[in-house]
Each structure stands twice: as C-alpha cells, then as structure tokens.
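A.B. asks: The file below is work-v7.pdb, PDB, C-alpha atoms, pLDDT in the B column:
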```pdb
ATOM      1  CA  MET A   1      38.949 -19.556  12.270  1.00 96.00           C
ATOM      2  CA  ASN A   2      40.983 -21.061   9.426  1.00 97.00           C
ATOM      3  CA  LEU A   3      40.159 -21.108   5.731  1.00 98.00           C
ATOM      4  CA  ARG A   4      42.195 -23.342   3.416  1.00 98.00           C
ATOM      5  CA  VAL A   5      42.078 -23.086  -0.356  1.00 98.00           C
ATOM      6  CA  LEU A   6      41.481 -26.538  -1.812  1.00 98.00           C
ATOM      7  CA  GLY A   7      41.033 -25.255  -5.349  1.00 97.00           C
ATOM      8  CA  CYS A   8      40.949 -21.856  -7.028  1.00 97.00           C
ATOM      9  CA  SER A   9      41.563 -22.460 -10.728  1.00 96.00           C
ATOM     10  CA  GLY A  10      39.187 -21.662 -13.547  1.00 94.00           C
ATOM     11  CA  GLY A  11      39.924 -25.037 -15.116  1.00 93.00           C
ATOM     12  CA  ILE A  12      42.005 -28.203 -15.052  1.00 91.00           C
ATOM     13  CA  GLY A  13      45.038 -29.375 -16.984  1.00 83.00           C
ATOM     14  CA  GLY A  14      47.961 -29.759 -14.605  1.00 72.00           C
ATOM     15  CA  ARG A  15      48.991 -31.286 -11.302  1.00 72.00           C
ATOM     16  CA  HIS A  16      48.175 -28.096  -9.421  1.00 82.00           C
ATOM     17  CA  GLN A  17      44.965 -27.051 -11.198  1.00 92.00           C
ATOM     18  CA  ARG A  18      41.940 -27.647  -8.979  1.00 96.00           C
ATOM     19  CA  THR A  19      38.586 -25.921  -9.361  1.00 97.00           C
ATOM     20  CA  THR A  20      36.898 -23.872  -6.700  1.00 98.00           C
ATOM     21  CA  SER A  21      36.545 -25.076  -3.130  1.00 98.00           C
ATOM     22  CA  LEU A  22      37.376 -23.475   0.215  1.00 98.00           C
ATOM     23  CA  LEU A  23      37.540 -25.406   3.503  1.00 98.00           C
ATOM     24  CA  ILE A  24      36.654 -23.565   6.729  1.00 98.00           C
ATOM     25  CA  ASP A  25      38.198 -25.214   9.773  1.00 98.00           C
ATOM     26  CA  GLN A  26      37.510 -28.919   9.133  1.00 96.00           C
ATOM     27  CA  ASP A  27      33.749 -29.010   8.767  1.00 98.00           C
ATOM     28  CA  ILE A  28      32.524 -26.359   6.306  1.00 98.00           C
ATOM     29  CA  LEU A  29      33.016 -26.114   2.550  1.00 98.00           C
ATOM     30  CA  ILE A  30      32.333 -23.176   0.310  1.00 98.00           C
ATOM     31  CA  ASP A  31      31.741 -24.779  -3.083  1.00 98.00           C
ATOM     32  CA  ALA A  32      32.768 -28.309  -3.975  1.00 98.00           C
ATOM     33  CA  GLY A  33      34.922 -28.156  -7.076  1.00 98.00           C
ATOM     34  CA  THR A  34      37.667 -30.635  -7.928  1.00 97.00           C
ATOM     35  CA  GLY A  35      39.858 -29.366  -5.085  1.00 96.00           C
ATOM     36  CA  VAL A  36      37.728 -31.468  -2.741  1.00 98.00           C
ATOM     37  CA  THR A  37      39.017 -34.645  -4.363  1.00 96.00           C
ATOM     38  CA  ASP A  38      42.434 -34.206  -2.716  1.00 95.00           C
ATOM     39  CA  LEU A  39      40.909 -34.724   0.739  1.00 97.00           C
ATOM     40  CA  SER A  40      41.086 -38.106   2.421  1.00 97.00           C
ATOM     41  CA  ILE A  41      37.949 -40.098   3.201  1.00 97.00           C
ATOM     42  CA  ALA A  42      38.423 -39.230   6.874  1.00 96.00           C
ATOM     43  CA  GLU A  43      38.589 -35.523   6.016  1.00 97.00           C
ATOM     44  CA  LEU A  44      35.518 -35.755   3.799  1.00 97.00           C
ATOM     45  CA  ALA A  45      33.561 -37.528   6.504  1.00 96.00           C
ATOM     46  CA  VAL A  46      33.842 -34.669   9.027  1.00 97.00           C
ATOM     47  CA  ILE A  47      32.485 -32.017   6.644  1.00 98.00           C
ATOM     48  CA  ASP A  48      28.975 -31.187   7.854  1.00 98.00           C
ATOM     49  CA  HIS A  49      28.078 -28.118   5.774  1.00 98.00           C
ATOM     50  CA  VAL A  50      28.546 -27.091   2.133  1.00 98.00           C
ATOM     51  CA  PHE A  51      27.685 -23.564   0.985  1.00 99.00           C
ATOM     52  CA  ILE A  52      27.169 -23.386  -2.787  1.00 99.00           C
ATOM     53  CA  THR A  53      27.711 -20.156  -4.728  1.00 98.00           C
ATOM     54  CA  HIS A  54      26.143 -21.490  -7.944  1.00 98.00           C
ATOM     55  CA  THR A  55      25.677 -24.685  -9.904  1.00 98.00           C
ATOM     56  CA  HIS A  56      28.270 -24.497 -12.666  1.00 98.00           C
ATOM     57  CA  ILE A  57      30.164 -27.775 -12.735  1.00 98.00           C
ATOM     58  CA  ASP A  58      33.536 -26.344 -11.685  1.00 98.00           C
ATOM     59  CA  HIS A  59      31.927 -25.351  -8.371  1.00 98.00           C
ATOM     60  CA  ILE A  60      29.936 -28.532  -7.634  1.00 98.00           C
ATOM     61  CA  ALA A  61      31.787 -31.349  -9.440  1.00 98.00           C
ATOM     62  CA  ALA A  62      32.889 -33.146  -6.273  1.00 98.00           C
ATOM     63  CA  LEU A  63      29.641 -32.812  -4.306  1.00 98.00           C
ATOM     64  CA  PRO A  64      27.869 -35.891  -5.750  1.00 98.00           C
ATOM     65  CA  LEU A  65      31.027 -38.021  -5.457  1.00 97.00           C
ATOM     66  CA  MET A  66      31.708 -36.788  -1.931  1.00 97.00           C
ATOM     67  CA  LEU A  67      28.238 -37.812  -0.783  1.00 96.00           C
ATOM     68  CA  ASP A  68      28.619 -41.264  -2.274  1.00 96.00           C
ATOM     69  CA  THR A  69      32.071 -41.708  -0.725  1.00 96.00           C
ATOM     70  CA  VAL A  70      31.041 -40.888   2.858  1.00 95.00           C
ATOM     71  CA  ALA A  71      27.500 -42.307   2.812  1.00 93.00           C
ATOM     72  CA  ASP A  72      28.359 -45.218   5.117  1.00 92.00           C
ATOM     73  CA  ARG A  73      29.896 -42.808   7.650  1.00 90.00           C
ATOM     74  CA  ARG A  74      27.064 -40.288   7.797  1.00 86.00           C
ATOM     75  CA  LYS A  75      24.032 -42.363   8.689  1.00 81.00           C
ATOM     76  CA  GLY A  76      21.850 -40.257  10.961  1.00 85.00           C
ATOM     77  CA  ARG A  77      24.044 -37.212  10.298  1.00 92.00           C
ATOM     78  CA  PRO A  78      23.003 -35.587   6.995  1.00 96.00           C
ATOM     79  CA  LEU A  79      25.321 -33.296   5.083  1.00 97.00           C
ATOM     80  CA  ILE A  80      23.687 -29.843   5.019  1.00 98.00           C
ATOM     81  CA  VAL A  81      23.804 -28.123   1.640  1.00 98.00           C
ATOM     82  CA  HIS A  82      23.203 -24.377   2.043  1.00 98.00           C
ATOM     83  CA  ALA A  83      22.077 -22.526  -1.084  1.00 98.00           C
ATOM     84  CA  THR A  84      19.477 -20.104  -2.356  1.00 98.00           C
ATOM     85  CA  ALA A  85      16.114 -21.503  -3.418  1.00 98.00           C
ATOM     86  CA  ALA A  86      17.012 -21.054  -7.089  1.00 98.00           C
ATOM     87  CA  VAL A  87      20.267 -22.985  -6.678  1.00 98.00           C
ATOM     88  CA  VAL A  88      18.530 -25.795  -4.783  1.00 98.00           C
ATOM     89  CA  THR A  89      15.973 -26.102  -7.584  1.00 98.00           C
ATOM     90  CA  ILE A  90      18.763 -26.530 -10.146  1.00 98.00           C
ATOM     91  CA  LEU A  91      20.526 -29.138  -7.997  1.00 98.00           C
ATOM     92  CA  ARG A  92      17.288 -31.080  -7.586  1.00 98.00           C
ATOM     93  CA  ASN A  93      16.298 -30.908 -11.241  1.00 98.00           C
ATOM     94  CA  HIS A  94      19.645 -31.366 -12.956  1.00 98.00           C
ATOM     95  CA  ILE A  95      22.109 -33.129 -10.638  1.00 98.00           C
ATOM     96  CA  PHE A  96      20.421 -35.127  -7.875  1.00 98.00           C
ATOM     97  CA  ASN A  97      17.610 -36.286 -10.152  1.00 98.00           C
ATOM     98  CA  TRP A  98      18.287 -40.067 -10.338  1.00 98.00           C
ATOM     99  CA  ALA A  99      19.331 -39.693 -13.994  1.00 98.00           C
ATOM    100  CA  ILE A 100      22.626 -37.887 -13.389  1.00 98.00           C
ATOM    101  CA  TRP A 101      23.084 -38.951  -9.758  1.00 98.00           C
ATOM    102  CA  PRO A 102      20.942 -40.458  -6.984  1.00 97.00           C
ATOM    103  CA  ASP A 103      18.932 -38.026  -4.881  1.00 97.00           C
ATOM    104  CA  PHE A 104      20.705 -38.216  -1.545  1.00 97.00           C
ATOM    105  CA  SER A 105      18.001 -36.062   0.021  1.00 97.00           C
ATOM    106  CA  GLU A 106      15.799 -39.170  -0.301  1.00 96.00           C
ATOM    107  CA  LEU A 107      18.370 -41.838   0.609  1.00 94.00           C
ATOM    108  CA  PRO A 108      18.063 -44.089   2.488  1.00 92.00           C
ATOM    109  CA  SER A 109      14.728 -42.349   3.164  1.00 93.00           C
ATOM    110  CA  VAL A 110      13.316 -38.835   3.169  1.00 92.00           C
ATOM    111  CA  GLU A 111      13.060 -38.971   6.969  1.00 92.00           C
ATOM    112  CA  ASN A 112      16.648 -40.218   7.422  1.00 93.00           C
ATOM    113  CA  SER A 113      18.437 -38.748   4.409  1.00 95.00           C
ATOM    114  CA  LEU A 114      22.168 -38.410   3.820  1.00 96.00           C
ATOM    115  CA  MET A 115      21.777 -34.835   2.520  1.00 97.00           C
ATOM    116  CA  ARG A 116      19.504 -31.995   3.533  1.00 97.00           C
ATOM    117  CA  TYR A 117      18.997 -28.621   1.875  1.00 98.00           C
ATOM    118  CA  GLU A 118      18.902 -25.388   3.876  1.00 98.00           C
ATOM    119  CA  ILE A 119      17.600 -22.383   1.934  1.00 98.00           C
ATOM    120  CA  LEU A 120      19.694 -19.233   2.140  1.00 97.00           C
ATOM    121  CA  GLU A 121      18.491 -15.667   1.850  1.00 98.00           C
ATOM    122  CA  VAL A 122      20.913 -13.037   0.578  1.00 98.00           C
ATOM    123  CA  GLY A 123      22.060 -10.838   3.459  1.00 98.00           C
ATOM    124  CA  GLN A 124      20.866 -13.212   6.202  1.00 98.00           C
ATOM    125  CA  PRO A 125      23.796 -14.713   8.178  1.00 98.00           C
ATOM    126  CA  VAL A 126      24.013 -18.382   9.088  1.00 98.00           C
ATOM    127  CA  ASN A 127      25.723 -18.890  12.456  1.00 98.00           C
ATOM    128  CA  LEU A 128      27.637 -22.146  12.934  1.00 98.00           C
ATOM    129  CA  ASN A 129      29.275 -22.218  16.362  1.00 95.00           C
ATOM    130  CA  GLY A 130      30.218 -18.548  16.233  1.00 95.00           C
ATOM    131  CA  ARG A 131      31.211 -18.566  12.557  1.00 98.00           C
ATOM    132  CA  GLU A 132      28.878 -16.429  10.464  1.00 98.00           C
ATOM    133  CA  ILE A 133      28.476 -17.041   6.752  1.00 98.00           C
ATOM    134  CA  THR A 134      26.367 -14.596   4.768  1.00 98.00           C
ATOM    135  CA  ALA A 135      25.331 -14.776   1.113  1.00 98.00           C
ATOM    136  CA  LEU A 136      26.152 -11.633  -0.873  1.00 98.00           C
ATOM    137  CA  PRO A 137      24.581 -10.458  -4.151  1.00 98.00           C
ATOM    138  CA  VAL A 138      26.528 -11.000  -7.377  1.00 98.00           C
ATOM    139  CA  ASP A 139      25.652 -11.016 -11.082  1.00 98.00           C
ATOM    140  CA  HIS A 140      26.311 -14.191 -13.074  1.00 98.00           C
ATOM    141  CA  THR A 141      24.641 -16.099 -15.913  1.00 98.00           C
ATOM    142  CA  VAL A 142      22.891 -18.445 -13.461  1.00 98.00           C
ATOM    143  CA  PRO A 143      21.533 -17.776  -9.967  1.00 98.00           C
ATOM    144  CA  ALA A 144      24.601 -17.111  -7.838  1.00 98.00           C
ATOM    145  CA  VAL A 145      25.886 -15.519  -4.653  1.00 99.00           C
ATOM    146  CA  GLY A 146      29.197 -14.635  -3.070  1.00 98.00           C
ATOM    147  CA  TYR A 147      29.925 -15.185   0.615  1.00 99.00           C
ATOM    148  CA  ARG A 148      31.134 -13.263   3.626  1.00 98.00           C
ATOM    149  CA  VAL A 149      32.837 -15.405   6.267  1.00 98.00           C
ATOM    150  CA  ASP A 150      33.006 -13.648   9.643  1.00 98.00           C
ATOM    151  CA  SER A 151      34.954 -14.953  12.655  1.00 98.00           C
ATOM    152  CA  GLY A 152      33.738 -12.089  14.829  1.00 95.00           C
ATOM    153  CA  SER A 153      37.077 -10.311  14.758  1.00 97.00           C
ATOM    154  CA  ALA A 154      37.589 -10.242  10.985  1.00 98.00           C
ATOM    155  CA  SER A 155      35.826 -11.061   7.733  1.00 98.00           C
ATOM    156  CA  LEU A 156      36.806 -12.647   4.442  1.00 98.00           C
ATOM    157  CA  VAL A 157      34.703 -12.055   1.310  1.00 98.00           C
ATOM    158  CA  PHE A 158      34.639 -14.495  -1.597  1.00 98.00           C
ATOM    159  CA  SER A 159      32.993 -13.200  -4.757  1.00 98.00           C
ATOM    160  CA  GLY A 160      32.342 -16.553  -6.391  1.00 98.00           C
ATOM    161  CA  ASP A 161      31.685 -15.980 -10.097  1.00 98.00           C
ATOM    162  CA  THR A 162      30.446 -12.531 -11.022  1.00 98.00           C
ATOM    163  CA  GLY A 163      30.536  -9.802 -13.575  1.00 98.00           C
ATOM    164  CA  CYS A 164      30.149  -6.124 -12.743  1.00 98.00           C
ATOM    165  CA  CYS A 165      27.800  -5.755  -9.787  1.00 98.00           C
ATOM    166  CA  ASP A 166      27.189  -2.586  -7.772  1.00 98.00           C
ATOM    167  CA  ALA A 167      25.112  -4.494  -5.191  1.00 98.00           C
ATOM    168  CA  PHE A 168      28.120  -6.678  -4.387  1.00 98.00           C
ATOM    169  CA  TRP A 169      30.289  -3.648  -3.652  1.00 98.00           C
ATOM    170  CA  ARG A 170      27.615  -2.024  -1.499  1.00 98.00           C
ATOM    171  CA  ALA A 171      27.541  -5.183   0.593  1.00 98.00           C
ATOM    172  CA  VAL A 172      31.343  -5.341   0.804  1.00 98.00           C
ATOM    173  CA  ASN A 173      31.631  -1.688   1.777  1.00 98.00           C
ATOM    174  CA  SER A 174      29.233  -2.254   4.682  1.00 98.00           C
ATOM    175  CA  ILE A 175      31.656  -4.732   6.313  1.00 98.00           C
ATOM    176  CA  SER A 176      33.606  -2.846   8.973  1.00 97.00           C
ATOM    177  CA  ASN A 177      36.002  -5.712   9.812  1.00 98.00           C
ATOM    178  CA  LEU A 178      36.909  -6.727   6.243  1.00 98.00           C
ATOM    179  CA  ARG A 179      40.401  -8.221   6.101  1.00 98.00           C
ATOM    180  CA  TYR A 180      40.490 -10.306   2.920  1.00 98.00           C
ATOM    181  CA  LEU A 181      38.775 -10.064  -0.467  1.00 98.00           C
ATOM    182  CA  ILE A 182      38.990 -13.017  -2.853  1.00 98.00           C
ATOM    183  CA  ILE A 183      37.661 -11.928  -6.224  1.00 98.00           C
ATOM    184  CA  GLU A 184      37.492 -13.628  -9.574  1.00 98.00           C
ATOM    185  CA  CYS A 185      39.168 -12.619 -12.830  1.00 98.00           C
ATOM    186  CA  ALA A 186      38.454 -15.388 -15.306  1.00 97.00           C
ATOM    187  CA  PHE A 187      39.590 -13.874 -18.598  1.00 97.00           C
ATOM    188  CA  SER A 188      42.435 -11.815 -20.004  1.00 97.00           C
ATOM    189  CA  ASN A 189      41.714  -8.438 -21.592  1.00 97.00           C
ATOM    190  CA  ARG A 190      41.886  -9.909 -25.081  1.00 96.00           C
ATOM    191  CA  GLU A 191      38.807 -11.967 -24.165  1.00 96.00           C
ATOM    192  CA  ARG A 192      36.857  -9.084 -22.657  1.00 97.00           C
ATOM    193  CA  TYR A 193      33.897  -9.958 -24.905  1.00 97.00           C
ATOM    194  CA  LEU A 194      33.743 -13.454 -23.410  1.00 97.00           C
ATOM    195  CA  ALA A 195      33.930 -11.978 -19.919  1.00 97.00           C
ATOM    196  CA  LEU A 196      30.996  -9.694 -20.684  1.00 98.00           C
ATOM    197  CA  ILE A 197      28.695 -12.332 -22.158  1.00 98.00           C
ATOM    198  CA  SER A 198      29.552 -14.946 -19.521  1.00 98.00           C
ATOM    199  CA  LYS A 199      29.363 -12.422 -16.654  1.00 98.00           C
ATOM    200  CA  HIS A 200      32.922 -12.843 -15.454  1.00 98.00           C
ATOM    201  CA  LEU A 201      35.667 -10.259 -15.044  1.00 98.00           C
ATOM    202  CA  CYS A 202      38.808  -9.446 -17.016  1.00 98.00           C
ATOM    203  CA  PRO A 203      41.609  -7.165 -15.693  1.00 97.00           C
ATOM    204  CA  GLU A 204      40.173  -3.970 -17.236  1.00 97.00           C
ATOM    205  CA  MET A 205      36.755  -4.713 -15.757  1.00 97.00           C
ATOM    206  CA  LEU A 206      38.285  -5.718 -12.422  1.00 97.00           C
ATOM    207  CA  ALA A 207      40.192  -2.432 -12.245  1.00 96.00           C
ATOM    208  CA  SER A 208      36.948  -0.534 -12.782  1.00 96.00           C
ATOM    209  CA  GLU A 209      35.112  -2.629 -10.189  1.00 97.00           C
ATOM    210  CA  LEU A 210      37.804  -2.165  -7.548  1.00 97.00           C
ATOM    211  CA  GLN A 211      37.338   1.593  -7.790  1.00 95.00           C
ATOM    212  CA  LYS A 212      34.050   0.937  -5.971  1.00 97.00           C
ATOM    213  CA  LEU A 213      35.857  -0.647  -2.984  1.00 97.00           C
ATOM    214  CA  GLU A 214      35.851   1.714   0.006  1.00 97.00           C
ATOM    215  CA  ARG A 215      37.555  -0.621   2.495  1.00 95.00           C
ATOM    216  CA  SER A 216      41.214  -1.387   3.046  1.00 95.00           C
ATOM    217  CA  CYS A 217      41.926  -5.117   2.729  1.00 97.00           C
ATOM    218  CA  GLU A 218      44.197  -7.714   1.180  1.00 97.00           C
ATOM    219  CA  ILE A 219      43.017  -8.701  -2.310  1.00 97.00           C
ATOM    220  CA  TYR A 220      43.484 -12.117  -3.907  1.00 98.00           C
ATOM    221  CA  ILE A 221      42.627 -13.154  -7.464  1.00 98.00           C
ATOM    222  CA  THR A 222      40.859 -16.439  -8.149  1.00 98.00           C
ATOM    223  CA  HIS A 223      39.325 -18.361 -11.077  1.00 97.00           C
ATOM    224  CA  LEU A 224      42.166 -17.656 -13.522  1.00 96.00           C
ATOM    225  CA  LYS A 225      42.046 -19.788 -16.669  1.00 93.00           C
ATOM    226  CA  PRO A 226      45.046 -22.193 -16.679  1.00 90.00           C
ATOM    227  CA  GLY A 227      46.145 -21.350 -20.219  1.00 88.00           C
ATOM    228  CA  GLN A 228      46.108 -17.590 -19.592  1.00 91.00           C
ATOM    229  CA  LEU A 229      47.234 -17.419 -15.987  1.00 91.00           C
ATOM    230  CA  GLU A 230      50.515 -15.560 -16.547  1.00 93.00           C
ATOM    231  CA  LEU A 231      49.033 -13.163 -19.123  1.00 95.00           C
ATOM    232  CA  THR A 232      46.035 -12.298 -16.964  1.00 96.00           C
ATOM    233  CA  MET A 233      48.125 -11.718 -13.825  1.00 94.00           C
ATOM    234  CA  GLU A 234      50.516  -9.530 -15.815  1.00 94.00           C
ATOM    235  CA  GLU A 235      47.587  -7.438 -17.047  1.00 95.00           C
ATOM    236  CA  ILE A 236      46.250  -7.194 -13.496  1.00 95.00           C
ATOM    237  CA  GLU A 237      49.608  -6.094 -12.107  1.00 91.00           C
ATOM    238  CA  LEU A 238      49.996  -3.452 -14.825  1.00 90.00           C
ATOM    239  CA  GLY A 239      46.439  -2.165 -14.693  1.00 82.00           C
ATOM    240  CA  LEU A 240      45.426  -2.038 -11.044  1.00 81.00           C
ATOM    241  CA  GLY A 241      47.753   0.664  -9.751  1.00 75.00           C
ATOM    242  CA  ASP A 242      47.836   0.866  -5.963  1.00 81.00           C
ATOM    243  CA  PHE A 243      45.665  -2.183  -5.253  1.00 84.00           C
ATOM    244  CA  LYS A 244      48.503  -4.751  -5.591  1.00 89.00           C
ATOM    245  CA  PRO A 245      46.377  -7.926  -5.612  1.00 95.00           C
ATOM    246  CA  LYS A 246      48.002 -11.342  -5.258  1.00 95.00           C
ATOM    247  CA  MET A 247      47.187 -14.569  -7.030  1.00 96.00           C
ATOM    248  CA  LEU A 248      45.328 -17.051  -4.840  1.00 97.00           C
ATOM    249  CA  GLN A 249      47.159 -20.355  -4.422  1.00 95.00           C
ATOM    250  CA  ASN A 250      46.040 -23.910  -3.741  1.00 94.00           C
ATOM    251  CA  ASN A 251      46.567 -24.827  -0.077  1.00 95.00           C
ATOM    252  CA  GLN A 252      46.871 -21.189   0.915  1.00 97.00           C
ATOM    253  CA  LEU A 253      45.750 -20.729   4.509  1.00 98.00           C
ATOM    254  CA  PHE A 254      43.925 -17.720   5.954  1.00 98.00           C
ATOM    255  CA  GLU A 255      43.646 -17.295   9.719  1.00 96.00           C
ATOM    256  CA  PHE A 256      41.220 -14.691  11.026  1.00 95.00           C
TER     257      PHE A 256
END
```
Will you turn the file into structure tokens for me?
C.D. replies:
Amino acid sequence: MNLRVLGCSGGIGGRHQRTTSLLIDQDILIDAGTGVTDLSIAELAVIDHVFITHTHIDHIAALPLMLDTVADRRKGRPLIVHATAAVVTILRNHIFNWAIWPDFSELPSVENSLMRYEILEVGQPVNLNGREITALPVDHTVPAVGYRVDSGSASLVFSGDTGCCDAFWRAVNSISNLRYLIIECAFSNRERYLALISKHLCPEMLASELQKLERSCEIYITHLKPGQLELTMEEIELGLGDFKPKMLQNNQLFEF
C-alpha cells in the first residue's frame, strides 16, 4: 500500500502550500483539500473513494470541482464519499445544495448518480480490496474523525483536525501494528488561546498529548500555518524531547 501526501498545509500562500489531502494507491483519497488540484484529469478519474474527516473548507475545497471535472468519465460509476452521518448532513445542507454547488448525488438522476454517500461509524473498518480504513474519534469544533489506514502488515494514523482528545489516544494505543502517526499542530505557542478555542493543537499541547502515546512509531506534523511554519517547528523540536517528530511534506510517500 502507498500513501502520497498531496497537501498538508494549514493554509495557502506559496507555490508549495496545499491544504489537506492524502492519496492511497491511485483510487482512495482522505480529504480533498487544494492538494487534489495538482492531479491530472486522468488521475482524478480513477479515484473511486473519498474519506472525509470533516467539512471545513481546507479539507473539502476540491471535492465539488473534482466531481464536476470527471463527471463525463464516471457515468455508471459513482464516486463514493465516506463520512459520518453528521458530516454527510453538512455536505448535503451547505455544499451540495444547488445554491453553492449542484447535488451530484442526484445527477444525472438519483438512481444513476455521479456521487454516493456511505455512512461511517467510528471504530468500524471499511475494507477496500484488503485495505482497511477506520474512523477514529477526535475533538474538533465541527463533527470530525481521524483515520487509521491498515495494509494488514502496518498501520498509519492520521489525526485530521483535533484538539486534546483522550479517546483518540485510546484508539491509537490499541493498534498493535502502528508504524506512522500524522498529527496536526496548527498554531504556535504564542497562539495557544486560538488553538484552545478552535480545538487545534499548539506545540505545548502536542507535547502533553504525546505523553499519552504508548506505541513506538514515526511521528509527522501536519496542518502548520504557512506564516508560522518555522516558528512552530522550532517550538516542537525544543519542546518534545525524545519524540523527534518530522514535518510532513507535500509529495511525501509512505509505503506500508
């Protein structure tokens, strides 16, 4: 199994700043931020599944455009959008509502739609040709999940957006074959208040949260704000002791 980072920034503003999206093999996306826009039409057309962590725009910005772009290539083969019931409700009401964007779950007809929703339950794995993807509990300002991606021999965990969350760490600690942990740190310590009210992490909070990790794994930091990237990584490197996390990079490839 391969996982390629299409985007991992907490914002835009430069040639290399793309918001959150991870591509598994060639046919599965986790989130659909602006990183998806670097894919060719041919690459977009072979994506069959999208797993959404939550509905903030930096995680779904490319989904409506992607559907429109590949519509003529997907007739009779709907794109499956996997999300919790609460996330699907938000997508229906606020994105695919005919006012913001057409409802592709009804086009060209309900019976032969270009998009179909599959409701996820936290903790219940979805098996796609031997690749298991499981929603994990997190704590954010809107309904949200993280994901475990399991190849059978190893697992990668992606936190999505979250603040402090004991349930997330209980789920992570139950994974015996954990190899990689991708976890957010959106704010620097000087903006700890913003991290708290927006239910994100800053380096001090991340250091406290990582004390709950009982598994050995490689740790990567995602969702850094472009204007504070260097400062936040410096604070992480100084404050996390033996954990030695690395900054996630666009186009980084994980094989597991």
A.B. asks: Run through the PyMOL selection byres ((chain A and resi 71) around 10) on the given coordinates and return the selected residues as an MDAnalysis selection string.
C.D. replies: chainID A and resid 45 65:70 72:75 77:79 104 107:108 113:115
A.B. asks: May I ask for the distance between CA of His200 in chain A and CA of Thr141 in chain A, given in Å to one decimal place?
C.D. replies: 8.9 Å
A.B. asks: Box for range 222-237 of chain A - axis-aligned, 8 Å on each of the six sides, all listed atoms - centre and size in Å to one decimal, as lines of an AutoDock Vina configuration file.
C.D. replies:
```
center_x = 44.9
center_y = -14.1
center_z = -14.2
size_x = 27.2
size_y = 32.1
size_z = 28.1
```
A.B. asks: At what distance in Å, to one decimal, does CA of Asp31 in chain A lie from CA of Val50 in chain A?
C.D. replies: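 That distance, rounded to one decimal, is 6.5 Å.
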A.B. asks: How far is it from CA of Asp25 in chain A to CA of Ile47 in chain A, in Å with one decimal?
C.D. replies: 9.4 Å
A.B. asks: Which of these residues is nearest to Asn129 in chain A, using only C-alpha atoms: A:Ile28, A:Glu255, A:Ile57, A:Ser9?
C.D. replies: A:Ile28
A.B. asks: Sort by chain and increasing residue number a table of all residues of range 29-60 of chain A within 12 Å of range 232-250 of chain A, each with its closest pair of atoms and their distance in Å to one decimal, counting all atoms listed in the file, and write it as JSON lines.
C.D. replies:
```
{"residue": "A:Thr34", "atom": "CA", "partner": "A:Asn250", "partner_atom": "CA", "distance": 11.5}
{"residue": "A:Gly35", "atom": "CA", "partner": "A:Asn250", "partner_atom": "CA", "distance": 8.4}
{"residue": "A:Val36", "atom": "CA", "partner": "A:Asn250", "partner_atom": "CA", "distance": 11.3}
{"residue": "A:Asp38", "atom": "CA", "partner": "A:Asn250", "partner_atom": "CA", "distance": 11.0}
```
A.B. asks: Could you tell me which residues the PyMOL selection byres ((chain A and resi 223-225) around 8) returns for this structure, as a list of chain:residue names?
C.D. replies: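 When the PyMOL selection byres ((chain A and resi 223-225) around 8) is applied, the selected residues are A:Cys8, A:Ser9, A:Gly10, A:Gly11, A:Thr19, A:Thr20, A:Glu184, A:Cys185, A:Ala186, A:Phe187, A:Ile221, A:Thr222, A:Pro226, A:Gly227, A:Gln228, A:Leu229, A:Thr232.
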A.B. asks: Near Val172 in chain A, within 10 Å and counting all atoms listed in the file, which residues show up once chain neighbours fewer than 3 positions away are dropped, as a ChimeraX atom specification?
C.D. replies: /A:136-137,147-148,156-157,159,166-169,175-176,178,181,212-215
A.B. asks: Fewer than 3 positions away in the same chain doesn't count, so skip those; otherwise give me all residues within 6 Å of Arg192 in chain A, counting all atoms listed in the file, as an mmCIF file with C-alpha atoms, keeping the file's coordinate frame.
C.D. replies:
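The file below, out.cif, is the result:
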```
data_model
loop_
_atom_site.group_PDB
_atom_site.id
_atom_site.type_symbol
_atom_site.label_atom_id
_atom_site.label_comp_id
_atom_site.auth_asym_id
_atom_site.auth_seq_id
_atom_site.Cartn_x
_atom_site.Cartn_y
_atom_site.Cartn_z
ATOM 1 C CA ASN A 189 41.714 -8.438 -21.592
ATOM 2 C CA ALA A 195 33.930 -11.978 -19.919
ATOM 3 C CA CYS A 202 38.808 -9.446 -17.016
#
```
A.B. asks: Please return as number ranges by chain every residue within 10 Å of (25.7, -18.5, 6.8), taking into account all atoms listed in the file and the file's own coordinates.
C.D. replies: A: 49, 51, 82-83, 120-128, 131-135, 147-150
A.B. asks: Residues near Asn2 in chain A, anyone? I mean within 9 Å using only C-alpha atoms, not counting same-chain ones fewer than 3 positions away, as number ranges by chain.
C.D. replies: A: 23-26, 253-256
A.B. asks: Of the candidates A:Thr53, A:Asn251, A:Gln211, A:Ser151, which one gets nearest to Arg4 in chain A if we count all atoms listed in the file?
C.D. replies: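 Once distances to Arg4 in chain A are computed over all atoms listed in the file, the minimum belongs to A:Asn251.
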A.B. asks: Could you check which of A:Ala62, A:Cys217, A:Met205, A:Ile100 is closest to Ala32 in chain A, using all atoms listed in the file?
C.D. replies: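 That would be A:Ala62, the residue with the smallest distance to Ala32 in chain A.
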A.B. asks: Taking only C-alpha atoms into account, name the residue in A:Asp27, A:Arg190, A:Arg15, A:His56 that is nearest to Ala42 in chain A.
C.D. replies: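 Among the listed residues, the smallest separation from Ala42 in chain A belongs to A:Asp27.
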